[in-house]
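Asker: Right, I'll just put the structure down here and ask away after.
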Amino acid sequence: MYSRFSNLKLSYKLTVVVILTIVLSIALYGTYFDHYLKKSFYENTKKRMQYATEKIYFDLIELQGELYKNINYLQEDESFLASINFINSYGDKNNYNTSLIDEEKKVLLNHLLNTAKLSVLDAIILYDKDMQLLAYIQRELDGTYTLHAISYDADAKPLRLFASETNNKYESLPYQEDSNIPFQHNQFYSTSQDAVLLFDTQQGDLRLTLHHDIYDEALGKKIAHVEIMHRLNALYFEELSRDLDMKIALSADKSFQNYSLGVFGSSTLRDIKLNEEDEAYVAALAIHTSAQQDSDSLRYITFTLDKYNLDLSLRENRFELILFLLLLLLIIPGVLVSVFKRWLAQPLDQVMTQIDKIELGDYSNSKPLQTDDELGMISRNINDLAQNLKQREKQLNTSRKKLEHLSSHDTLTHLPNRRLFISRVDEAIKRAQRHNKKAAVIFIDLDNFKQVNDSLGHDIGDELLISIAKRLSHQLRDTDTVARIGGDEFNLLIEDIQNYEDVEAICMKLMDEFHTPFECNDHQIHTTISMGIALFPEDGKDSTTLIKNADLAMYQAKDSGRNQFRFYSQELSSFIEKRLEMISALKSAIASGDEFSLQYQPKINSKTERICAIEALVRWNSRSLGFVMPGDFISLAEDTHLIIEIGKWILKQACQDFIKLQKHSPLLETISINVSSVQLNYSDMVQTLQNTIQETQIDPHHIELEITESYIATNEIHAIETLEKFRAMGVKLAIDDFGTGYSSMSYLQKLPVTRLKIDKSFIDNLPDSHESVAIAKAIIILAKTFDLFITAEGVETKEQVIFLQEQECDEIQGYYYSKPLVFEDLCAFIKETTE
């Protein structure tokens with residue numbers, strides 16, 4: 001259908017569109033008129049049902065007034081009151097006088113019968129002063145009344161005296177309680193003189209019940225309670241339905257709850273919830289039919305109005321609309337086709353001819369329409385468009401070339417990016433296969449580049465990357481490729497190589513180039529590179545494998561001390577797997593918290609040769625790896641920054657153990673705890689220490705943190721600020737392994753440290769080596785010059801101890817006195833050496 005329409009000429013299409021528009025407009029008008037008729041009928045129905053609810057409400061009010069009149073009649077009947085007083089006085093059921101009291105109750109029933117007949121009441125129920133059933137009358141379905149009184153046998157068990165209005169002979173029957181007329185009346189209103197209006201149902205009818213206490217004014221007290229009922233039966237609702245021309249009925253169906261606006265009362269007269277169904281409008285009002293007024297007591301007065309008249313009006317309206325549409329369809333199409341063809345289709349054909357030329361790439365001017373309407377303007381604009389398109393096509397080709405360059409090159413260094421590098425590696429592999437040659441992928445990572453960014457800023461870091469990119473490019477052949485992969489990582493592609501020696505020569509040449517510092521905005525920056533090398537085809541036959549293996553080799557170069565290169569090997573892959581396995585085990589150990597333990601090595605006062613301090617040393621017994629040497633996992637924990645969490649645990653556990661140890665040896669001065677540069681650079685170590693002191697309640701003066709020279713030399717200003725915060729807290733500071741790294745008189749003078757530790761490498765050859773003796777003496781003299789304490793670690797012989805004592809070294813630590821001990825053994829050591 002659509003294809004046929006699309007093949008029509010434009011004049012026919014427009015005709016169809018106009019006709020459809022007219023038909024749609026008329027249809028919308030008809031829909032609106034339908035809606036208007038429905039809305040009008042709806043509002044009228046709502047008013048009629050509103051009137052019906054008001055009629056029922058006022059009928060009930062009027063009926064309530066009649067019931068009150070009957071109550072007043074009984075209240076003012078002295079003989080009625082006298083009978084009740086007599087029964088209350090002599091009607092003791094435990095000493096019941098049947099002939100006397102029952103006769104008086106029959107008199108009472110006659111009073112009730114006369115009252116009921118006077119207003120055609122449905123029932124009157126009378127309770128005594130104790131709210132126990134006394135007598136009642138009921139109107140039966142045939143319109144006659146039955147009379148009932150409560151009597152008692154010799155055992156004080158209740159009996160029911162029964163008689164009909166037509167047969168006044170009473171029968172005595174066993175009493176069986178009626179759920180609608182309880183033996184013991186439950187009072188549910190606030191005072192004894194309130195009248196309560198309730199609704200009840202019996203045999204499908206609506207019953208209005210009025211409850212009232214009977215008072216003897218002379219006695220000034222309540223003597224009875226009466227209930228008067230009148231029902232609105234089906235006949236009432238049938239007559240009301242005929243009068244109002246709608247169906248009105250009483251229902252117990254709970255589904256009418258969805259139609260009801262609320263519980264029947266004066267407030268619901270102001271509005272009614274009208275619901276539309278397929279064939280009728282329906283509304284309902286909920287009424288309570290018990291004293292509890294809960295959901296189970298709800299009944300519904302329903303109002304239903306047939307939609308026949310509305311449907312008839314709608315059918316007539318729709319018939320007239322269809323007839324009008326048929327007349328339009330016979331007249332309008334021919335007129336519209338003629339108009340559209342002359343004034344629209346032919347000019348459009350000429351415009352399409354101009355557009356066809358542009359589509360074929362012909363941007364020359366065409367003869368435009370000679371009219372001043374919109375089509376003439378479009379025709380002239382098409383000629384202008386042709387010239388603009390010609391110019392834009394040139395600009396687009398230029399932009400496309402720029403975008404291609406941006407998508408394949410790094411925006412900072414203008415080197416090829418990862419995407420282009422992979423493509424060139426793939427091409428190089430194909431060439432190497434054809435010519436049976438080798439190719440190499442070199443993965444380069446700058447050493448300590450983050451420190452440049454942190455200390456000098458990212459702008460200087462970017463300048464450094466640009467300078468490095470230029471220097472790498474100048475050292476390679478035109479056939480080789482340098483690419484920046486991201487951050488401080490570069491990849492090299494070297495083609496046409498014969499053996500390993502060719503690649504080694506290139507790597508050595510690159511490392512030599514990095515001996516020259518880089519000039520970046522008045523800053524001279526020294527940096528080095530770590531390189532990993534993968535060869536085709538030995539180390540991989542595709543670009544992904546080669547780059548991955550070169551990356552693994554680079555990490556081995558990093559782990560081996562940096563500023564070097566490594567070739568990929570299968571052993572390296574195993575090394576990486578073991579490294580990843582150990583990282584996973586470290587994370588599990590941190591999560592579990594029960595695989596790490598501490599051992600403590602005593603520090604001995606060189607003068608007294610008694611223990612004066614201890615150093616905490618961490619040990620790891622992994623569930624999956626077994627016991628792991630500290631040298632195997634500490635550096636890995638630092639590389640992965642897991643040392644931060646491990647360090648927190650060490651600090652807290654060591655402080656807790658020291659507090660326990662002081663009970664055995666109050667003379668213990670300090671506990672030394674090693675702190676990694678990673679903890680100091682990448683975590684808030686000051687806050688961690690404050691939290692630990694607060695949690696463990698340790699005196700800060702008992703804590704000594706051991707810090708490496710490398711941390712101080714990396715960022716001297718930041719290091720001094722951090723160390724001064726530690727000293728402000730009262731914590732002591734020691735430089736560990738002094739003399740092995742970046743020892744400097746200038747920073748030693750500035751640092752707020754309290755102790756130097758002579759590294760084991762200077763102790764091992766004492767006192768036989770002249771060099772070791774000279775270094776040890778120099779360090780001790782230097783410490784004394786700056787008023788620093790000195791500790792020698794790694795002491796294993798008596799001769800070493802004598803030499804250090806002669807040089808007045810303050811503390812001696814090593815296997816000569818004790819190896820690192822677990823907590824229990826340390827306690828024993830302290831006890832043994834202090835006794």
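We label chains A, B, ... in the order they appear in the structure tokens, count residues from 1 in each chain, and number ligands from 1 in the order shown.
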Could you please write out, as a ChimeraX atom specification, every residue of range 554-749 of chain A that DSSP assigns to helix (DSSP H, G or I)?

Answerer: /A:554-559,570-592,630-639,643-664,677-682,685-696,700-702,709-714,716-728,745-749

Asker: Considering only C-alpha atoms, return as number ranges by chain whatever protein or nucleic-acid residues lie within 12 Å of Leu67 in chain A, sequence-local ones (same chain, fewer than 6 positions apart) excluded.

Answerer: A: 60-61, 73-74, 115-116, 118-124, 195-197, 207-212, 226-231

Asker: Neighbouring residues of Asp787 in chain A were defined as those with any atom within 9 Å, considering only C-alpha atoms; residues of the same chain fewer than 3 positions away were excluded. Please report them as a count of residues only.

Answerer: 5

Asker: Any chance you could list, as a PyMOL selection string, the residues in range 389-617 of chain A that come up strand (DSSP E or B) when DSSP is run on the backbone?

Answerer: chain A and resi 409+416+438-446+481-486+489-497+518-520+523-525+529-536+565-567+596-605+611-617

Asker: Would you write out those residues with C-alpha atoms, as a compact mmCIF listing (two decimals), in the first residue's frame?

Answerer:
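Once everything was written out, this is out-v5.txt:
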# COMPACT_ATOMS: atom_id res chain seq x y z
CA HIS A 409 48.88 10.16 17.12
CA PRO A 416 52.12 7.53 16.99
CA LYS A 438 63.55 -10.47 13.04
CA ALA A 439 61.80 -7.49 14.62
CA ALA A 440 61.89 -6.17 18.18
CA VAL A 441 59.36 -4.40 20.38
CA ILE A 442 60.90 -2.37 23.21
CA PHE A 443 58.67 -1.25 26.08
CA ILE A 444 60.08 1.86 27.85
CA ASP A 445 58.97 3.27 31.20
CA LEU A 446 60.48 6.37 32.81
CA THR A 481 58.79 3.64 15.13
CA VAL A 482 58.58 5.50 18.45
CA ALA A 483 55.10 5.61 20.03
CA ARG A 484 53.74 7.04 23.25
CA ILE A 485 51.39 4.46 24.76
CA GLY A 486 50.21 6.56 27.70
CA GLU A 489 55.31 4.74 28.73
CA PHE A 490 56.82 4.59 25.23
CA ASN A 491 57.05 1.70 22.75
CA LEU A 492 59.73 1.22 20.09
CA LEU A 493 59.49 -0.93 16.96
CA ILE A 494 62.88 -1.95 15.52
CA GLU A 495 62.88 -3.74 12.16
CA ASP A 496 65.51 -5.57 10.09
CA ILE A 497 67.59 -6.88 13.00
CA PHE A 518 66.79 17.44 30.15
CA GLU A 519 66.25 21.22 30.09
CA CYS A 520 62.63 22.02 30.95
CA HIS A 523 64.93 23.07 35.34
CA GLN A 524 67.62 20.47 34.73
CA ILE A 525 66.00 17.07 35.17
CA ILE A 529 64.56 4.53 31.74
CA SER A 530 63.75 0.87 32.26
CA MET A 531 63.27 -1.20 29.10
CA GLY A 532 61.75 -4.57 28.28
CA ILE A 533 62.44 -6.31 24.93
CA ALA A 534 60.44 -8.93 23.04
CA LEU A 535 61.69 -10.36 19.71
CA PHE A 536 59.72 -11.67 16.76
CA PHE A 565 66.91 -3.41 30.12
CA ARG A 566 65.81 -7.03 30.10
CA PHE A 567 64.95 -9.49 27.32
CA PHE A 596 51.39 -11.62 59.97
CA SER A 597 53.31 -11.71 63.22
CA LEU A 598 56.03 -9.64 64.87
CA GLN A 599 59.44 -10.64 66.20
CA TYR A 600 61.56 -8.33 68.31
CA GLN A 601 65.36 -7.99 68.28
CA PRO A 602 66.86 -6.59 71.52
CA LYS A 603 69.10 -3.49 71.48
CA ILE A 604 71.82 -3.55 74.16
CA ASN A 605 73.27 -0.55 75.99
CA ILE A 611 68.58 -4.46 77.09
CA CYS A 612 67.41 -0.88 76.60
CA ALA A 613 65.23 -1.03 73.46
CA ILE A 614 63.76 -3.39 70.86
CA GLU A 615 63.12 -3.30 67.11
CA ALA A 616 59.87 -4.72 65.68
CA LEU A 617 60.35 -6.97 62.61

Asker: Report as a list in words all protein, DNA and RNA residues lying within 9 Å of Lys93 in chain A, evaluated on only C-alpha atoms, omitting residues in the same chain fewer than 5 positions from it.

Answerer: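 My list of contacting residues is Ser151, Tyr152, Asp153, Ala154, Asp155, Ala156, Lys157 and Pro158 of chain A.
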
Asker: Neighbours of Asp684 in chain A within 12 Å (only C-alpha atoms; same-chain residues fewer than 6 positions away dropped), as a list in words?

Answerer: Ile644, Glu645, Gly647, Lys648, Ser677, Val678, Gln690, Asn691, Thr722, Lys725 and Phe726 of chain A

Asker: Hey, can you spit out that residue selection with C-alpha atoms as a compact mmCIF listing (two decimals), in the first residue's frame?

Answerer:
# COMPACT_ATOMS: atom_id res chain seq x y z
CA ILE A 644 50.42 0.97 53.84
CA GLU A 645 47.89 -1.42 55.39
CA GLY A 647 52.40 -0.86 58.22
CA LYS A 648 49.27 0.21 60.09
CA SER A 677 58.88 5.69 52.11
CA VAL A 678 55.66 4.50 50.45
CA GLN A 690 48.07 9.85 66.09
CA ASN A 691 45.25 7.31 65.86
CA THR A 722 56.66 15.42 57.89
CA LYS A 725 55.36 16.81 62.77
CA PHE A 726 56.52 13.48 64.22

Asker: At a cut-off of 9 Å, using only C-alpha atoms, what residues contact Ser665 in chain A? Leave out same-chain residues fewer than 2 positions from it and give the result as a PDB file with N, CA, C and O atoms, in the first residue's frame.

Answerer:
ATOM      1  N   LEU A 661      55.226  -5.345  77.512  1.00  0.00           N
ATOM      2  CA  LEU A 661      56.612  -5.618  77.888  1.00  0.00           C
ATOM      3  C   LEU A 661      57.077  -4.733  79.035  1.00  0.00           C
ATOM      4  O   LEU A 661      57.914  -5.137  79.856  1.00  0.00           O
ATOM      5  N   GLN A 662      56.561  -3.509  79.103  1.00  0.00           N
ATOM      6  CA  GLN A 662      57.003  -2.594  80.153  1.00  0.00           C
ATOM      7  C   GLN A 662      56.671  -3.134  81.544  1.00  0.00           C
ATOM      8  O   GLN A 662      57.302  -2.748  82.524  1.00  0.00           O
ATOM      9  N   LYS A 663      55.682  -4.040  81.623  1.00  0.00           N
ATOM     10  CA  LYS A 663      55.354  -4.644  82.907  1.00  0.00           C
ATOM     11  C   LYS A 663      56.492  -5.556  83.378  1.00  0.00           C
ATOM     12  O   LYS A 663      56.725  -5.721  84.579  1.00  0.00           O
ATOM     13  N   LEU A 667      62.452  -0.560  82.410  1.00  0.00           N
ATOM     14  CA  LEU A 667      63.594   0.224  81.940  1.00  0.00           C
ATOM     15  C   LEU A 667      63.687   0.278  80.413  1.00  0.00           C
ATOM     16  O   LEU A 667      64.569   0.950  79.869  1.00  0.00           O
ATOM     17  N   LEU A 668      62.829  -0.463  79.711  1.00  0.00           N
ATOM     18  CA  LEU A 668      62.825  -0.394  78.243  1.00  0.00           C
ATOM     19  C   LEU A 668      62.500   1.033  77.809  1.00  0.00           C
ATOM     20  O   LEU A 668      61.486   1.609  78.190  1.00  0.00           O
ATOM     21  N   CYS A 827      60.123 -11.983  76.366  1.00  0.00           N
ATOM     22  CA  CYS A 827      59.845 -11.806  77.792  1.00  0.00           C
ATOM     23  C   CYS A 827      60.844 -12.621  78.622  1.00  0.00           C
ATOM     24  O   CYS A 827      61.379 -12.143  79.646  1.00  0.00           O
ATOM     25  N   ILE A 830      64.292 -10.925  78.521  1.00  0.00           N
ATOM     26  CA  ILE A 830      64.337  -9.748  79.394  1.00  0.00           C
ATOM     27  C   ILE A 830      64.502 -10.178  80.845  1.00  0.00           C
ATOM     28  O   ILE A 830      65.321  -9.628  81.596  1.00  0.00           O
ATOM     29  N   LYS A 831      63.740 -11.199  81.225  1.00  0.00           N
ATOM     30  CA  LYS A 831      63.814 -11.670  82.609  1.00  0.00           C
ATOM     31  C   LYS A 831      65.209 -12.212  82.915  1.00  0.00           C
ATOM     32  O   LYS A 831      65.788 -11.976  83.997  1.00  0.00           O
ATOM     33  N   THR A 834      67.982  -9.319  83.058  1.00  0.00           N
ATOM     34  CA  THR A 834      67.817  -8.265  84.073  1.00  0.00           C
ATOM     35  C   THR A 834      67.937  -8.793  85.496  1.00  0.00           C
ATOM     36  O   THR A 834      67.927  -8.020  86.444  1.00  0.00           O
TER      37      THR A 834
END

Asker: To one decimal place in Å, what is the distance between CA of Leu126 in chain A and CA of Pro174 in chain A?

Answerer: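 The value is 19.1 Å.
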
Asker: Which one is closest to Ser622 in chain A: A:Asn397, A:Ser584, A:Thr785, A:Thr608? Count only C-alpha atoms.

Answerer: A:Ser584

Asker: Of the candidates A:Leu305, A:Leu250, A:Ile780, A:Leu415, which one gets nearest to Glu276 in chain A if we count only C-alpha atoms?

Answerer: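 Checking each candidate against Glu276 in chain A, we get A:Leu305 as the closest.
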
Asker: Of the residues A:Asp426, A:Arg477, A:Lys273, A:Ile22, which is the one nearest to Leu326 in chain A, using only C-alpha atoms?

Answerer: A:Ile22

Asker: At what distance in Å, to one decimal, does CA of Ala792 in chain A lie from CA of Ala774 in chain A?

Answerer: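 Between CA of Ala774 in chain A and CA of Ala792 in chain A the gap is 14.4 Å.
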
Asker: Neighbouring residues of Cys655 in chain A were defined as those with any atom within 7 Å, considering only C-alpha atoms; residues of the same chain fewer than 3 positions away were excluded. Please report them as a PyMOL selection string.

Answerer: chain A and resi 651-652+658-659+696+698

Asker: Out of A:Ile248, A:Leu472, A:Ile650, A:Ile763, which residue has the shortest atom-to-atom distance to Asp512 in chain A when counting only C-alpha atoms?

Answerer: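 The closest residue to Asp512 in chain A is A:Leu472.
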
Asker: What does the distance from CA of Thr545 in chain A to CA of Arg424 in chain A come to in Å, to one decimal?

Answerer: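 For CA of Thr545 in chain A relative to CA of Arg424 in chain A, the distance reads 14.4 Å.
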
Asker: Using only C-alpha atoms, which residue out of A:Tyr136, A:Tyr281, A:Phe421, A:Tyr500 lies closest to Glu43 in chain A?

Answerer: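 Looking at the shortest contact to Glu43 in chain A, the residue is A:Tyr281.
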